[in-house]
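Undergrad: Below is the structure I would like to discuss, written out as structure tokens.
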Amino acid sequence: MTVLIPQPLTGSRAFRTTLGCFPTGVAIVTTLSEDGAPVGLTISSFNSVSLDPPLVLWSLARSSECLDDFQARRGFAINILSADQTELCNRFASAHDDRFQGVSWTASTYGLPVLNDIAALLICETHAVHDGGDHEIYLGKVISHAHSKNAPMVYANGAITRPAEKP
Ligand SMILES: Cc1cc2nc3c(=O)[nH]c(=O)nc-3n(C[C@H](O)[C@H](O)[C@H](O)COP(=O)(O)O)c2cc1C
């Protein structure tokens with residue numbers, strides 16, 4: 001038997017390791033810039049919040065290049081990645097002049113960018129934005145959604161890991 005003894009926070013490294021013990025999916029959250037160009041980034045902070053009303057959340061680093069776009073647009077699409085979309089995951093997590101260049105996408109509700117071959121999709125209106133320290137917490141009201149039979153990508157311990165089986 002192991003009994004964990006909680007340690008005070010001394011730096012971000014051990015804190016990240018502890019947080020990484022909670023596996024998540026991976027999504028690319030997208031919106032449109034002021035001039036209508038698609039923007040988006042890779043996230044793992046997505047989570048469900050409420051069924052009635054239907055609310056979800058994710059958090060955005062205040063240092064994000066897309067901060068102004070998400071603050072201004074009041075809507076976003078959560079593209080939940082399939083297990084085999086590692087390339088897209090990496091592309092939307094790295095600096096790129098245009099992350100959408102050469103990537104197939106479709107303009108969905110409100111023109112929000114939807115990627116091909118994803119595991120699931122949620123189209124949201126921005127319901128509220130809360131303070132989250134060095135992140136902003138986006139609460140989205142789900143307007144529409146869809147899911148595929150694709151196994152979702154899983155992220156744990158700082159890496160993409162074995163995909164979850166679809167029941
Ligand atoms: C698996 C994974 C999960 C991530 N989750 C988040 C997240 O939840 N929120 C966030 O702001 N950045 C997250 N990032 C980091 C961003 O994708 C990355 O910093 C990106 O370059 C930000 O681009 P931007 O400055 O255009 O927003 C994640 C990266 C990876 C690889």
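Each chain in the structure tokens gets a letter, A, B, ..., in the order shown, and its residues are numbered from 1; ligands are numbered from 1 in order too.
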Using only C-alpha atoms, which protein or nucleic acid residues come within 10 Å of region 32-44 of chain A? Drop anything in the same chain fewer than 4 positions from it, and give the result as a tab-separated table (two decimals) with C-alpha atoms, in the first residue's frame.

TA:
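Writing the result to part_31.tsv gives the following:
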```tsv
chain	number	residue	atom	x	y	z
A	23	PRO	CA	-5.25	11.64	-18.49
A	24	THR	CA	-7.23	13.89	-20.84
A	25	GLY	CA	-8.21	14.01	-24.47
A	26	VAL	CA	-6.71	16.51	-26.89
A	27	ALA	CA	-8.64	19.08	-28.92
A	28	ILE	CA	-7.96	21.92	-31.31
A	58	TRP	CA	-11.29	25.05	-21.53
A	59	SER	CA	-8.50	27.41	-20.56
A	60	LEU	CA	-6.33	29.68	-22.68
A	64	SER	CA	-1.59	33.14	-26.35
A	65	GLU	CA	-1.28	34.79	-29.77
A	66	CYS	CA	-5.01	34.03	-30.16
A	68	ASP	CA	-7.66	38.78	-28.68
A	69	ASP	CA	-9.44	36.57	-31.22
A	70	PHE	CA	-11.13	34.38	-28.59
A	72	ALA	CA	-13.59	39.23	-29.45
A	73	ARG	CA	-15.36	36.43	-31.35
A	74	ARG	CA	-17.69	35.11	-28.60
A	75	GLY	CA	-17.80	31.64	-30.11
A	76	PHE	CA	-15.51	28.68	-30.70
A	77	ALA	CA	-15.41	25.11	-32.04
A	78	ILE	CA	-13.89	22.28	-29.99
A	79	ASN	CA	-12.38	19.79	-32.48
A	80	ILE	CA	-11.71	16.64	-30.39
A	81	LEU	CA	-8.80	14.85	-32.06
A	88	LEU	CA	-2.30	18.13	-36.28
A	89	CYS	CA	-1.83	18.11	-32.50
A	90	ASN	CA	1.85	19.10	-32.89
A	91	ARG	CA	1.21	21.63	-35.66
A	92	PHE	CA	-1.40	23.53	-33.63
A	93	ALA	CA	0.85	23.51	-30.55
A	94	SER	CA	3.86	25.06	-32.36
A	95	ALA	CA	4.63	28.50	-33.74
A	98	ASP	CA	-0.48	29.92	-40.74
A	99	ARG	CA	-1.40	26.71	-38.92
A	100	PHE	CA	-4.27	26.11	-41.37
A	105	TRP	CA	-11.24	22.39	-42.87
A	107	ALA	CA	-16.65	26.56	-42.18
A	110	TYR	CA	-21.01	30.98	-37.45
A	111	GLY	CA	-18.19	30.16	-39.93
A	112	LEU	CA	-16.23	28.39	-37.18
A	113	PRO	CA	-13.43	26.16	-38.56
A	114	VAL	CA	-14.02	22.40	-38.32
A	154	VAL	CA	-5.36	10.43	-25.11
A	155	TYR	CA	-2.73	12.58	-23.36
A	156	ALA	CA	-1.13	11.62	-20.03
```

Undergrad: Between A:Ser48, A:Thr31, A:Ser63, A:Gln101, which has the minimum distance to Val142 (chain A) (counting only C-alpha atoms)?

TA: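 Smallest distance to Val142 (chain A) is found for A:Ser48.
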
Undergrad: Find the residue from A:Asp134, A:Val3, A:Ser104, A:Asp52 that sits nearest to ligand 1; use only C-alpha atoms and all ligand atoms when measuring.

TA: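 Among A:Asp134, A:Val3, A:Ser104, A:Asp52, it is A:Asp134 that comes nearest to ligand 1.
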
Undergrad: With only C-alpha atoms as the counted atoms, please give the residues lying no more than 6 Å from Ala120 (chain A), apart from itself and same-chain residues fewer than 6 positions off, as a list in words.

TA: Ile80, Ala146, His147 and Ser148 of chain A

Undergrad: Using N, CA, C and O atoms, can you export the residues from the last selection as a PDB file, in the first residue's frame?

TA:
```pdb
ATOM      1  N   ILE A  80     -12.332  17.688 -31.207  1.00  0.00           N
ATOM      2  CA  ILE A  80     -11.714  16.636 -30.390  1.00  0.00           C
ATOM      3  C   ILE A  80     -10.964  15.680 -31.321  1.00  0.00           C
ATOM      4  O   ILE A  80     -11.547  15.096 -32.243  1.00  0.00           O
ATOM      5  N   ALA A 146     -21.394  16.762 -32.575  1.00  0.00           N
ATOM      6  CA  ALA A 146     -21.418  15.534 -33.377  1.00  0.00           C
ATOM      7  C   ALA A 146     -20.268  14.657 -32.914  1.00  0.00           C
ATOM      8  O   ALA A 146     -19.287  15.152 -32.345  1.00  0.00           O
ATOM      9  N   HIS A 147     -20.406  13.331 -33.144  1.00  0.00           N
ATOM     10  CA  HIS A 147     -19.285  12.438 -32.821  1.00  0.00           C
ATOM     11  C   HIS A 147     -19.155  11.374 -33.900  1.00  0.00           C
ATOM     12  O   HIS A 147     -20.104  11.060 -34.618  1.00  0.00           O
ATOM     13  N   SER A 148     -17.938  10.844 -34.021  1.00  0.00           N
ATOM     14  CA  SER A 148     -17.659   9.811 -35.024  1.00  0.00           C
ATOM     15  C   SER A 148     -17.337   8.496 -34.301  1.00  0.00           C
ATOM     16  O   SER A 148     -17.390   8.432 -33.076  1.00  0.00           O
TER      17      SER A 148
END
```

Undergrad: Could you please write out, as a list in words, every residue of region 4-34 of chain A that DSSP assigns to strand (DSSP E)?

TA: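 The strand (DSSP E) residues within region 4-34 of chain A come out as Ala27, Ile28, Val29, Thr30, Thr31 and Leu32 of chain A.
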
Undergrad: Kindly save the residues from that selection, with C-alpha atoms included, as a CSV table (one decimal), in the first residue's frame.

TA:
```csv
chain,number,residue,atom,x,y,z
A,27,ALA,CA,-8.6,19.1,-28.9
A,28,ILE,CA,-8.0,21.9,-31.3
A,29,VAL,CA,-10.1,24.9,-30.4
A,30,THR,CA,-10.8,27.2,-33.3
A,31,THR,CA,-12.4,30.6,-33.9
A,32,LEU,CA,-12.0,33.4,-36.5
```

Undergrad: Quick one: distance from CA of Cys124 (chain A) to CA of Glu136 (chain A) in Å, one decimal?

TA: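 Atom-to-atom, CA of Cys124 (chain A) and CA of Glu136 (chain A) are spaced 16.3 Å apart.
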
Undergrad: Could you give me, as number ranges by chain, the residues within 6 Å of region 149-152 of chain A, counting only C-alpha atoms and dropping anything in the same chain fewer than 2 positions from it?

TA: A: 81-83, 119, 166

Undergrad: Excluding Pro6 (chain A) and its own-chain neighbours fewer than 6 positions away, which residues fall within 12 Å of it when counting only C-alpha atoms? Please give them as a list in words.

TA: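 Here the answer would be Ala14, Phe15 and Thr18 of chain A.
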
Undergrad: Determine which residues of chain A receive a DSSP assignment of alpha helix (DSSP H), computed from the backbone, and state them as a PyMOL selection string.

TA: chain A and resi 12-19+67-73+86-91

Undergrad: What is the distance, in Å and to one decimal place, between atom 10 (C, counted along the ligand's line) of ligand 1 and CA of Gly133 (chain A)?

TA: 12.4 Å
